[in-house]
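*Asks:* Supplied in structure tokens, the structure appears directly below.
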Amino acid sequence: MNQANMYGMPDNQRRVNRGCLWGIVILVAILGFVAVIVFSIFGAFSSSEPYQHALAVARNNETVTSLMGTPINPGFFTSGSMSAQGISGNADLQIPISGPKKSGTLYVTAERRNGRWVYFTLAVDVDNQIITLPP
């Protein structure tokens with residue numbers, strides 16, 4: 001016969017609840033770890049020179065601001081790739097941007113040569129209208 005513990009539950013039920021609690025703690029820890037990694041990656045993108053340069057050019061472009069409105073703000077989930085080591089590197093980023101009127105995607109392709117970024121693609125896609133930006 002099951003004996004009740006001080007909480008009025010049988011001992012075997014109490015163990016199941018403790019096991020569930022540890023499972024939840026472990027799940028929250030794993031999700032927290034993944035969140036830290038994701039935030040670190042997106043933080044690295046958003047603090048990079050190609051990201052900052054492209055966003056500044058888009059914000060100062062008359063065509064982009066007339067279509068999207070101001071202010072133009074970046075979205076959170078930048079995708080693409082980026083690497084920089086010493087005086088060389090490359091960046092290929094797709095940055096979601098939005099203004100009060102519309103949203104779009106800012107595309108950046110650049111290569112770092114001798115410590116300076118050279119831009120090959122700076123463009124904004126708003127409703128399938130591609131606006132090429134000057135480097």
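All residue names refer to the structure tokens as shown: chains lettered A, B, ... in order, residues numbered from 1 in each chain, ligands numbered from 1 in order.
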Please return, as a PDB file with all heavy atoms, in the first residue's frame, all residues of segment 43-72 of chain A that DSSP assigns to helix (DSSP H, G or I) on the basis of the backbone.

*Replies:*
```pdb
ATOM      1  N   GLY A  43      24.346  39.996 -32.838  1.00  0.00           N
ATOM      2  CA  GLY A  43      25.070  41.152 -32.328  1.00  0.00           C
ATOM      3  C   GLY A  43      26.347  41.396 -33.106  1.00  0.00           C
ATOM      4  O   GLY A  43      26.714  42.540 -33.380  1.00  0.00           O
ATOM      5  N   ALA A  44      27.012  40.317 -33.492  1.00  0.00           N
ATOM      6  CA  ALA A  44      28.241  40.447 -34.285  1.00  0.00           C
ATOM      7  C   ALA A  44      27.932  41.022 -35.661  1.00  0.00           C
ATOM      8  O   ALA A  44      28.668  41.868 -36.172  1.00  0.00           O
ATOM      9  CB  ALA A  44      28.925  39.094 -34.416  1.00  0.00           C
ATOM     10  N   PHE A  45      26.837  40.573 -36.272  1.00  0.00           N
ATOM     11  CA  PHE A  45      26.440  41.126 -37.567  1.00  0.00           C
ATOM     12  C   PHE A  45      26.159  42.617 -37.448  1.00  0.00           C
ATOM     13  O   PHE A  45      26.653  43.423 -38.215  1.00  0.00           O
ATOM     14  CB  PHE A  45      25.181  40.444 -38.098  1.00  0.00           C
ATOM     15  CG  PHE A  45      25.395  39.109 -38.758  1.00  0.00           C
ATOM     16  CD1 PHE A  45      24.341  38.226 -38.888  1.00  0.00           C
ATOM     17  CD2 PHE A  45      26.625  38.721 -39.264  1.00  0.00           C
ATOM     18  CE1 PHE A  45      24.505  36.998 -39.499  1.00  0.00           C
ATOM     19  CE2 PHE A  45      26.815  37.492 -39.877  1.00  0.00           C
ATOM     20  CZ  PHE A  45      25.745  36.625 -39.996  1.00  0.00           C
ATOM     21  N   SER A  46      25.338  42.990 -36.475  1.00  0.00           N
ATOM     22  CA  SER A  46      24.878  44.380 -36.388  1.00  0.00           C
ATOM     23  C   SER A  46      25.968  45.355 -35.971  1.00  0.00           C
ATOM     24  O   SER A  46      25.836  46.551 -36.211  1.00  0.00           O
ATOM     25  CB  SER A  46      23.678  44.491 -35.447  1.00  0.00           C
ATOM     26  OG  SER A  46      24.048  44.151 -34.139  1.00  0.00           O
ATOM     27  N   GLU A  49      31.164  46.630 -39.664  1.00  0.00           N
ATOM     28  CA  GLU A  49      31.251  47.805 -40.537  1.00  0.00           C
ATOM     29  C   GLU A  49      30.353  47.684 -41.775  1.00  0.00           C
ATOM     30  O   GLU A  49      29.659  48.651 -42.121  1.00  0.00           O
ATOM     31  CB  GLU A  49      32.703  48.042 -40.943  1.00  0.00           C
ATOM     32  CG  GLU A  49      32.888  49.313 -41.747  1.00  0.00           C
ATOM     33  CD  GLU A  49      34.341  49.588 -42.092  1.00  0.00           C
ATOM     34  OE1 GLU A  49      35.225  49.197 -41.306  1.00  0.00           O
ATOM     35  OE2 GLU A  49      34.582  50.180 -43.150  1.00  0.00           O
ATOM     36  N   PRO A  50      30.307  46.525 -42.464  1.00  0.00           N
ATOM     37  CA  PRO A  50      29.415  46.434 -43.625  1.00  0.00           C
ATOM     38  C   PRO A  50      27.943  46.648 -43.263  1.00  0.00           C
ATOM     39  O   PRO A  50      27.215  47.317 -44.001  1.00  0.00           O
ATOM     40  CB  PRO A  50      29.652  45.011 -44.153  1.00  0.00           C
ATOM     41  CG  PRO A  50      31.021  44.669 -43.697  1.00  0.00           C
ATOM     42  CD  PRO A  50      31.156  45.339 -42.357  1.00  0.00           C
ATOM     43  N   TYR A  51      27.506  46.110 -42.145  1.00  0.00           N
ATOM     44  CA  TYR A  51      26.118  46.280 -41.693  1.00  0.00           C
ATOM     45  C   TYR A  51      25.832  47.754 -41.419  1.00  0.00           C
ATOM     46  O   TYR A  51      24.850  48.313 -41.914  1.00  0.00           O
ATOM     47  CB  TYR A  51      25.908  45.452 -40.431  1.00  0.00           C
ATOM     48  CG  TYR A  51      24.538  45.523 -39.815  1.00  0.00           C
ATOM     49  CD1 TYR A  51      23.620  44.498 -40.019  1.00  0.00           C
ATOM     50  CD2 TYR A  51      24.156  46.588 -38.996  1.00  0.00           C
ATOM     51  CE1 TYR A  51      22.359  44.525 -39.435  1.00  0.00           C
ATOM     52  CE2 TYR A  51      22.899  46.633 -38.420  1.00  0.00           C
ATOM     53  CZ  TYR A  51      22.013  45.603 -38.634  1.00  0.00           C
ATOM     54  OH  TYR A  51      20.771  45.645 -38.055  1.00  0.00           O
ATOM     55  N   GLN A  52      26.695  48.398 -40.647  1.00  0.00           N
ATOM     56  CA  GLN A  52      26.504  49.802 -40.276  1.00  0.00           C
ATOM     57  C   GLN A  52      26.562  50.713 -41.502  1.00  0.00           C
ATOM     58  O   GLN A  52      25.758  51.640 -41.642  1.00  0.00           O
ATOM     59  CB  GLN A  52      27.560  50.233 -39.250  1.00  0.00           C
ATOM     60  CG  GLN A  52      27.427  49.558 -37.909  1.00  0.00           C
ATOM     61  CD  GLN A  52      26.144  49.933 -37.201  1.00  0.00           C
ATOM     62  OE1 GLN A  52      25.673  51.058 -37.277  1.00  0.00           O
ATOM     63  NE2 GLN A  52      25.568  48.969 -36.494  1.00  0.00           N
ATOM     64  N   HIS A  53      27.506  50.451 -42.395  1.00  0.00           N
ATOM     65  CA  HIS A  53      27.645  51.272 -43.608  1.00  0.00           C
ATOM     66  C   HIS A  53      26.400  51.152 -44.496  1.00  0.00           C
ATOM     67  O   HIS A  53      25.852  52.156 -44.956  1.00  0.00           O
ATOM     68  CB  HIS A  53      28.895  50.866 -44.385  1.00  0.00           C
ATOM     69  CG  HIS A  53      29.055  51.570 -45.692  1.00  0.00           C
ATOM     70  ND1 HIS A  53      29.463  52.890 -45.780  1.00  0.00           N
ATOM     71  CD2 HIS A  53      28.822  51.164 -46.967  1.00  0.00           C
ATOM     72  CE1 HIS A  53      29.484  53.254 -47.044  1.00  0.00           C
ATOM     73  NE2 HIS A  53      29.104  52.221 -47.790  1.00  0.00           N
ATOM     74  N   ALA A  54      25.971  49.913 -44.734  1.00  0.00           N
ATOM     75  CA  ALA A  54      24.804  49.688 -45.600  1.00  0.00           C
ATOM     76  C   ALA A  54      23.553  50.342 -45.021  1.00  0.00           C
ATOM     77  O   ALA A  54      22.763  50.956 -45.740  1.00  0.00           O
ATOM     78  CB  ALA A  54      24.585  48.189 -45.794  1.00  0.00           C
ATOM     79  N   LEU A  55      23.358  50.218 -43.720  1.00  0.00           N
ATOM     80  CA  LEU A  55      22.191  50.818 -43.076  1.00  0.00           C
ATOM     81  C   LEU A  55      22.229  52.346 -43.186  1.00  0.00           C
ATOM     82  O   LEU A  55      21.209  52.981 -43.486  1.00  0.00           O
ATOM     83  CB  LEU A  55      22.115  50.379 -41.614  1.00  0.00           C
ATOM     84  CG  LEU A  55      20.837  50.687 -40.864  1.00  0.00           C
ATOM     85  CD1 LEU A  55      19.618  50.097 -41.560  1.00  0.00           C
ATOM     86  CD2 LEU A  55      20.930  50.155 -39.440  1.00  0.00           C
ATOM     87  N   ALA A  56      23.392  52.946 -43.002  1.00  0.00           N
ATOM     88  CA  ALA A  56      23.524  54.402 -43.126  1.00  0.00           C
ATOM     89  C   ALA A  56      23.228  54.859 -44.554  1.00  0.00           C
ATOM     90  O   ALA A  56      22.535  55.867 -44.761  1.00  0.00           O
ATOM     91  CB  ALA A  56      24.930  54.837 -42.708  1.00  0.00           C
ATOM     92  N   VAL A  57      23.723  54.115 -45.551  1.00  0.00           N
ATOM     93  CA  VAL A  57      23.482  54.481 -46.949  1.00  0.00           C
ATOM     94  C   VAL A  57      21.986  54.380 -47.264  1.00  0.00           C
ATOM     95  O   VAL A  57      21.414  55.270 -47.912  1.00  0.00           O
ATOM     96  CB  VAL A  57      24.320  53.596 -47.907  1.00  0.00           C
ATOM     97  CG1 VAL A  57      23.909  53.803 -49.348  1.00  0.00           C
ATOM     98  CG2 VAL A  57      25.807  53.890 -47.735  1.00  0.00           C
ATOM     99  N   ALA A  58      21.338  53.317 -46.796  1.00  0.00           N
ATOM    100  CA  ALA A  58      19.894  53.154 -47.049  1.00  0.00           C
ATOM    101  C   ALA A  58      19.091  54.266 -46.375  1.00  0.00           C
ATOM    102  O   ALA A  58      18.145  54.804 -46.961  1.00  0.00           O
ATOM    103  CB  ALA A  58      19.429  51.790 -46.550  1.00  0.00           C
ATOM    104  N   ARG A  59      19.463  54.625 -45.162  1.00  0.00           N
ATOM    105  CA  ARG A  59      18.742  55.675 -44.435  1.00  0.00           C
ATOM    106  C   ARG A  59      18.902  57.041 -45.090  1.00  0.00           C
ATOM    107  O   ARG A  59      18.045  57.920 -44.913  1.00  0.00           O
ATOM    108  CB  ARG A  59      19.233  55.746 -42.984  1.00  0.00           C
ATOM    109  CG  ARG A  59      18.729  54.624 -42.123  1.00  0.00           C
ATOM    110  CD  ARG A  59      19.320  54.691 -40.734  1.00  0.00           C
ATOM    111  NE  ARG A  59      18.643  53.767 -39.834  1.00  0.00           N
ATOM    112  CZ  ARG A  59      19.149  53.348 -38.687  1.00  0.00           C
ATOM    113  NH1 ARG A  59      20.350  53.770 -38.300  1.00  0.00           N
ATOM    114  NH2 ARG A  59      18.474  52.515 -37.926  1.00  0.00           N
ATOM    115  N   GLU A  62      17.265  58.977 -50.879  1.00  0.00           N
ATOM    116  CA  GLU A  62      15.943  59.601 -51.079  1.00  0.00           C
ATOM    117  C   GLU A  62      14.892  58.621 -51.584  1.00  0.00           C
ATOM    118  O   GLU A  62      13.748  58.655 -51.149  1.00  0.00           O
ATOM    119  CB  GLU A  62      16.056  60.764 -52.065  1.00  0.00           C
ATOM    120  CG  GLU A  62      16.428  62.062 -51.420  1.00  0.00           C
ATOM    121  CD  GLU A  62      16.355  63.207 -52.433  1.00  0.00           C
ATOM    122  OE1 GLU A  62      15.402  63.245 -53.247  1.00  0.00           O
ATOM    123  OE2 GLU A  62      17.253  64.055 -52.393  1.00  0.00           O
ATOM    124  N   THR A  63      15.264  57.763 -52.512  1.00  0.00           N
ATOM    125  CA  THR A  63      14.306  56.807 -53.065  1.00  0.00           C
ATOM    126  C   THR A  63      13.820  55.840 -51.995  1.00  0.00           C
ATOM    127  O   THR A  63      12.626  55.562 -51.880  1.00  0.00           O
ATOM    128  CB  THR A  63      14.940  56.025 -54.243  1.00  0.00           C
ATOM    129  OG1 THR A  63      15.481  56.954 -55.172  1.00  0.00           O
ATOM    130  CG2 THR A  63      13.913  55.146 -54.918  1.00  0.00           C
ATOM    131  N   VAL A  64      14.743  55.330 -51.198  1.00  0.00           N
ATOM    132  CA  VAL A  64      14.388  54.384 -50.135  1.00  0.00           C
ATOM    133  C   VAL A  64      13.505  55.061 -49.093  1.00  0.00           C
ATOM    134  O   VAL A  64      12.464  54.523 -48.701  1.00  0.00           O
ATOM    135  CB  VAL A  64      15.656  53.784 -49.476  1.00  0.00           C
ATOM    136  CG1 VAL A  64      15.300  52.918 -48.280  1.00  0.00           C
ATOM    137  CG2 VAL A  64      16.462  52.982 -50.491  1.00  0.00           C
ATOM    138  N   THR A  65      13.875  56.253 -48.661  1.00  0.00           N
ATOM    139  CA  THR A  65      13.091  56.935 -47.626  1.00  0.00           C
ATOM    140  C   THR A  65      11.720  57.367 -48.134  1.00  0.00           C
ATOM    141  O   THR A  65      10.755  57.368 -47.371  1.00  0.00           O
ATOM    142  CB  THR A  65      13.854  58.150 -47.047  1.00  0.00           C
ATOM    143  OG1 THR A  65      14.211  59.040 -48.094  1.00  0.00           O
ATOM    144  CG2 THR A  65      15.084  57.702 -46.286  1.00  0.00           C
ATOM    145  N   SER A  66      11.616  57.706 -49.423  1.00  0.00           N
ATOM    146  CA  SER A  66      10.298  58.089 -49.938  1.00  0.00           C
ATOM    147  C   SER A  66       9.368  56.874 -50.025  1.00  0.00           C
ATOM    148  O   SER A  66       8.163  56.998 -49.792  1.00  0.00           O
ATOM    149  CB  SER A  66      10.413  58.779 -51.291  1.00  0.00           C
ATOM    150  OG  SER A  66      10.873  57.890 -52.272  1.00  0.00           O
ATOM    151  N   LEU A  67       9.915  55.700 -50.344  1.00  0.00           N
ATOM    152  CA  LEU A  67       9.096  54.484 -50.405  1.00  0.00           C
ATOM    153  C   LEU A  67       8.744  53.937 -49.023  1.00  0.00           C
ATOM    154  O   LEU A  67       7.615  53.522 -48.788  1.00  0.00           O
ATOM    155  CB  LEU A  67       9.832  53.377 -51.176  1.00  0.00           C
ATOM    156  CG  LEU A  67       9.770  53.407 -52.676  1.00  0.00           C
ATOM    157  CD1 LEU A  67      10.711  52.367 -53.268  1.00  0.00           C
ATOM    158  CD2 LEU A  67       8.348  53.145 -53.150  1.00  0.00           C
ATOM    159  N   MET A  68       9.716  53.946 -48.124  1.00  0.00           N
ATOM    160  CA  MET A  68       9.538  53.294 -46.827  1.00  0.00           C
ATOM    161  C   MET A  68       9.137  54.251 -45.715  1.00  0.00           C
ATOM    162  O   MET A  68       8.583  53.829 -44.715  1.00  0.00           O
ATOM    163  CB  MET A  68      10.821  52.561 -46.426  1.00  0.00           C
ATOM    164  CG  MET A  68      11.216  51.473 -47.407  1.00  0.00           C
ATOM    165  SD  MET A  68      12.727  50.615 -46.948  1.00  0.00           S
ATOM    166  CE  MET A  68      12.109  49.592 -45.633  1.00  0.00           C
TER     167      MET A  68
END
```

*Asks:* Could you give me, as a PyMOL selection string, the residues within 12 Å of Gly115 of chain A, counting only C-alpha atoms and dropping anything in the same chain fewer than 5 positions from it?

*Replies:* chain A and resi 49+84-90

*Asks:* Could you turn the residues from that selection into a file that holds N, CA and C atoms, as an mmCIF file, in the first residue's frame?

*Replies:*
```cif
data_model
loop_
_atom_site.group_PDB
_atom_site.id
_atom_site.type_symbol
_atom_site.label_atom_id
_atom_site.label_comp_id
_atom_site.auth_asym_id
_atom_site.auth_seq_id
_atom_site.Cartn_x
_atom_site.Cartn_y
_atom_site.Cartn_z
ATOM 1 N N GLU A 49 31.164 46.630 -39.664
ATOM 2 C CA GLU A 49 31.251 47.805 -40.537
ATOM 3 C C GLU A 49 30.353 47.684 -41.775
ATOM 4 N N ALA A 84 36.009 38.006 -40.962
ATOM 5 C CA ALA A 84 37.064 39.005 -41.103
ATOM 6 C C ALA A 84 38.226 38.586 -40.212
ATOM 7 N N GLN A 85 39.396 38.517 -40.821
ATOM 8 C CA GLN A 85 40.606 38.174 -40.082
ATOM 9 C C GLN A 85 41.714 39.087 -40.555
ATOM 10 N N GLY A 86 42.215 39.878 -39.637
ATOM 11 C CA GLY A 86 43.287 40.796 -40.001
ATOM 12 C C GLY A 86 42.830 41.803 -41.034
ATOM 13 N N ILE A 87 43.515 41.823 -42.167
ATOM 14 C CA ILE A 87 43.206 42.809 -43.205
ATOM 15 C C ILE A 87 42.307 42.268 -44.307
ATOM 16 N N SER A 88 41.818 41.039 -44.161
ATOM 17 C CA SER A 88 40.952 40.478 -45.198
ATOM 18 C C SER A 88 39.658 39.954 -44.594
ATOM 19 N N GLY A 89 38.679 39.754 -45.450
ATOM 20 C CA GLY A 89 37.405 39.218 -44.990
ATOM 21 C C GLY A 89 36.354 39.346 -46.070
ATOM 22 N N ASN A 90 35.152 38.875 -45.753
ATOM 23 C CA ASN A 90 34.038 39.034 -46.683
ATOM 24 C C ASN A 90 32.734 39.062 -45.910
#
```

*Asks:* For segment 92-102 of chain A, list every protein, DNA or RNA residue within 8 Å, evaluated using only C-alpha atoms, and leave out those in the same chain fewer than 6 positions away; present the list as a list in words.

*Replies:*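 Contacts, in chain order: Tyr51, Thr65, Leu67, Met68, Gly69, Thr70, Pro71, Ile72, Asn73, Pro74, Gly75, Phe76, Phe77, Thr78, Ser79, Gly80, Ser81, Met82, Val108, Thr109, Ala110 and Val126 of chain A.
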
*Asks:* What is the atom CA of Leu133 of chain A to atom CA of Gly104 of chain A distance in Å?

*Replies:*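 So the answer is 13.9 Å.
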
*Asks:* Of the candidates A:Ala29, A:Val118, A:Val34, A:Val124, which shows the shortest atom-to-atom distance to Ser103 of chain A, using only C-alpha atoms?

*Replies:*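 Answer, going by the shortest atom-to-atom distance: A:Val124.
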
*Asks:* Using Å and a single decimal, report how far atom CA of Thr105 of chain A sits from atom CA of Asp125 of chain A.

*Replies:*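 Atom CA of Thr105 of chain A lies at a distance of 5.2 Å from atom CA of Asp125 of chain A.
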
*Asks:* Could you list, as a PyMOL selection string, every residue within 8 Å of Pro135 of chain A, counting only C-alpha atoms and ignoring same-chain residues fewer than 6 positions away?

*Replies:* chain A and resi 57+119-122

*Asks:* Grab the atom CA of Trp117 of chain A to atom CA of Ile131 of chain A distance for me, in Å with one decimal place.

*Replies:*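 Here the two named atoms are 20.9 Å from each other.
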
*Asks:* Where does DSSP see strand (DSSP E or B) in segment 3-135 of chain A, if you list the residues as a PyMOL selection string?

*Replies:* chain A and resi 4+10+73-74+79-85+88-98+103-113+116-126+129-132

*Asks:* May I have the residues from that selection written out with N, CA and C atoms, as a short mmCIF file (atom, residue, chain, number, x, y, z; two decimals), in the first residue's frame?

*Replies:*
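Output file again.cif is given in full below:
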```
data_model
loop_
_atom_site.label_atom_id
_atom_site.label_comp_id
_atom_site.auth_asym_id
_atom_site.auth_seq_id
_atom_site.Cartn_x
_atom_site.Cartn_y
_atom_site.Cartn_z
N ALA A 4 1.32 8.01 2.16
CA ALA A 4 1.33 9.43 1.77
C ALA A 4 2.47 10.14 2.48
N PRO A 10 1.20 10.25 -2.60
CA PRO A 10 2.02 9.04 -2.47
C PRO A 10 3.46 9.34 -2.87
N ASN A 73 14.37 51.38 -39.73
CA ASN A 73 14.97 50.60 -38.65
C ASN A 73 15.27 49.18 -39.12
N PRO A 74 16.37 48.62 -38.63
CA PRO A 74 16.69 47.24 -39.00
C PRO A 74 15.83 46.27 -38.20
N SER A 79 20.39 37.73 -41.83
CA SER A 79 20.91 36.44 -42.26
C SER A 79 22.09 36.65 -43.18
N GLY A 80 22.81 35.59 -43.44
CA GLY A 80 23.96 35.67 -44.32
C GLY A 80 25.20 35.14 -43.66
N SER A 81 26.34 35.61 -44.14
CA SER A 81 27.61 35.16 -43.58
C SER A 81 28.59 36.32 -43.54
N MET A 82 29.54 36.18 -42.63
CA MET A 82 30.55 37.22 -42.51
C MET A 82 31.79 36.63 -41.85
N SER A 83 32.95 37.02 -42.35
CA SER A 83 34.20 36.64 -41.71
C SER A 83 35.21 37.75 -41.97
N ALA A 84 36.01 38.01 -40.96
CA ALA A 84 37.06 39.01 -41.10
C ALA A 84 38.23 38.59 -40.21
N GLN A 85 39.40 38.52 -40.82
CA GLN A 85 40.61 38.17 -40.08
C GLN A 85 41.71 39.09 -40.56
N SER A 88 41.82 41.04 -44.16
CA SER A 88 40.95 40.48 -45.20
C SER A 88 39.66 39.95 -44.59
N GLY A 89 38.68 39.75 -45.45
CA GLY A 89 37.40 39.22 -44.99
C GLY A 89 36.35 39.35 -46.07
N ASN A 90 35.15 38.87 -45.75
CA ASN A 90 34.04 39.03 -46.68
C ASN A 90 32.73 39.06 -45.91
N ALA A 91 31.73 39.67 -46.53
CA ALA A 91 30.41 39.79 -45.93
C ALA A 91 29.35 39.61 -47.01
N ASP A 92 28.34 38.86 -46.68
CA ASP A 92 27.18 38.68 -47.56
C ASP A 92 25.96 38.66 -46.65
N LEU A 93 25.32 39.81 -46.47
CA LEU A 93 24.25 39.95 -45.49
C LEU A 93 22.92 40.34 -46.13
N GLN A 94 21.85 39.85 -45.54
CA GLN A 94 20.49 40.24 -45.90
C GLN A 94 19.87 40.79 -44.61
N ILE A 95 19.61 42.09 -44.61
CA ILE A 95 19.15 42.78 -43.40
C ILE A 95 17.69 43.20 -43.61
N PRO A 96 16.78 42.68 -42.79
CA PRO A 96 15.40 43.17 -42.89
C PRO A 96 15.33 44.60 -42.36
N ILE A 97 14.68 45.48 -43.12
CA ILE A 97 14.51 46.87 -42.67
C ILE A 97 13.05 47.25 -42.83
N SER A 98 12.63 48.24 -42.04
CA SER A 98 11.24 48.69 -42.14
C SER A 98 11.15 50.16 -41.79
N SER A 103 8.12 47.69 -45.61
CA SER A 103 9.28 46.92 -45.17
C SER A 103 10.02 46.41 -46.39
N GLY A 104 11.27 46.05 -46.19
CA GLY A 104 12.06 45.53 -47.29
C GLY A 104 13.28 44.80 -46.78
N THR A 105 14.17 44.49 -47.70
CA THR A 105 15.41 43.79 -47.36
C THR A 105 16.58 44.57 -47.94
N LEU A 106 17.58 44.78 -47.12
CA LEU A 106 18.81 45.45 -47.53
C LEU A 106 19.86 44.37 -47.78
N TYR A 107 20.43 44.37 -48.97
CA TYR A 107 21.43 43.38 -49.35
C TYR A 107 22.81 44.03 -49.38
N VAL A 108 23.78 43.34 -48.80
CA VAL A 108 25.16 43.84 -48.75
C VAL A 108 26.10 42.69 -49.11
N THR A 109 26.95 42.94 -50.09
CA THR A 109 28.03 42.01 -50.41
C THR A 109 29.31 42.84 -50.46
N ALA A 110 30.28 42.44 -49.64
CA ALA A 110 31.52 43.21 -49.57
C ALA A 110 32.70 42.29 -49.30
N GLU A 111 33.87 42.80 -49.64
CA GLU A 111 35.11 42.07 -49.38
C GLU A 111 36.09 43.04 -48.72
N ARG A 112 36.79 42.56 -47.74
CA ARG A 112 37.78 43.39 -47.07
C ARG A 112 39.15 43.10 -47.68
N ARG A 113 39.73 44.15 -48.25
CA ARG A 113 41.03 44.04 -48.90
C ARG A 113 41.98 45.05 -48.28
N ARG A 116 40.44 47.50 -45.86
CA ARG A 116 39.33 48.36 -46.27
C ARG A 116 38.23 47.53 -46.91
N TRP A 117 36.98 47.86 -46.59
CA TRP A 117 35.85 47.15 -47.17
C TRP A 117 35.54 47.71 -48.55
N VAL A 118 35.42 46.81 -49.53
CA VAL A 118 35.04 47.15 -50.89
C VAL A 118 33.65 46.55 -51.10
N TYR A 119 32.69 47.40 -51.49
CA TYR A 119 31.29 46.97 -51.61
C TYR A 119 30.96 46.62 -53.05
N PHE A 120 30.41 45.43 -53.23
CA PHE A 120 30.00 44.98 -54.56
C PHE A 120 28.50 45.11 -54.73
N THR A 121 27.75 44.87 -53.68
CA THR A 121 26.29 44.99 -53.73
C THR A 121 25.80 45.78 -52.53
N LEU A 122 25.06 46.84 -52.81
CA LEU A 122 24.29 47.57 -51.82
C LEU A 122 22.96 47.84 -52.50
N ALA A 123 21.93 47.14 -52.06
CA ALA A 123 20.64 47.28 -52.71
C ALA A 123 19.53 47.02 -51.70
N VAL A 124 18.37 47.63 -51.98
CA VAL A 124 17.19 47.44 -51.15
C VAL A 124 16.09 46.88 -52.04
N ASP A 125 15.42 45.86 -51.53
CA ASP A 125 14.27 45.27 -52.23
C ASP A 125 13.02 45.65 -51.44
N VAL A 126 12.17 46.47 -52.06
CA VAL A 126 10.89 46.87 -51.46
C VAL A 126 9.80 46.48 -52.45
N GLN A 129 10.76 45.71 -55.91
CA GLN A 129 11.43 46.81 -56.62
C GLN A 129 12.83 46.92 -56.05
N ILE A 130 13.83 46.71 -56.87
CA ILE A 130 15.22 46.75 -56.44
C ILE A 130 15.77 48.16 -56.61
N ILE A 131 16.27 48.70 -55.52
CA ILE A 131 16.88 50.04 -55.55
C ILE A 131 18.37 49.84 -55.29
N THR A 132 19.19 50.11 -56.31
CA THR A 132 20.63 49.97 -56.16
C THR A 132 21.17 51.22 -55.49
#
```
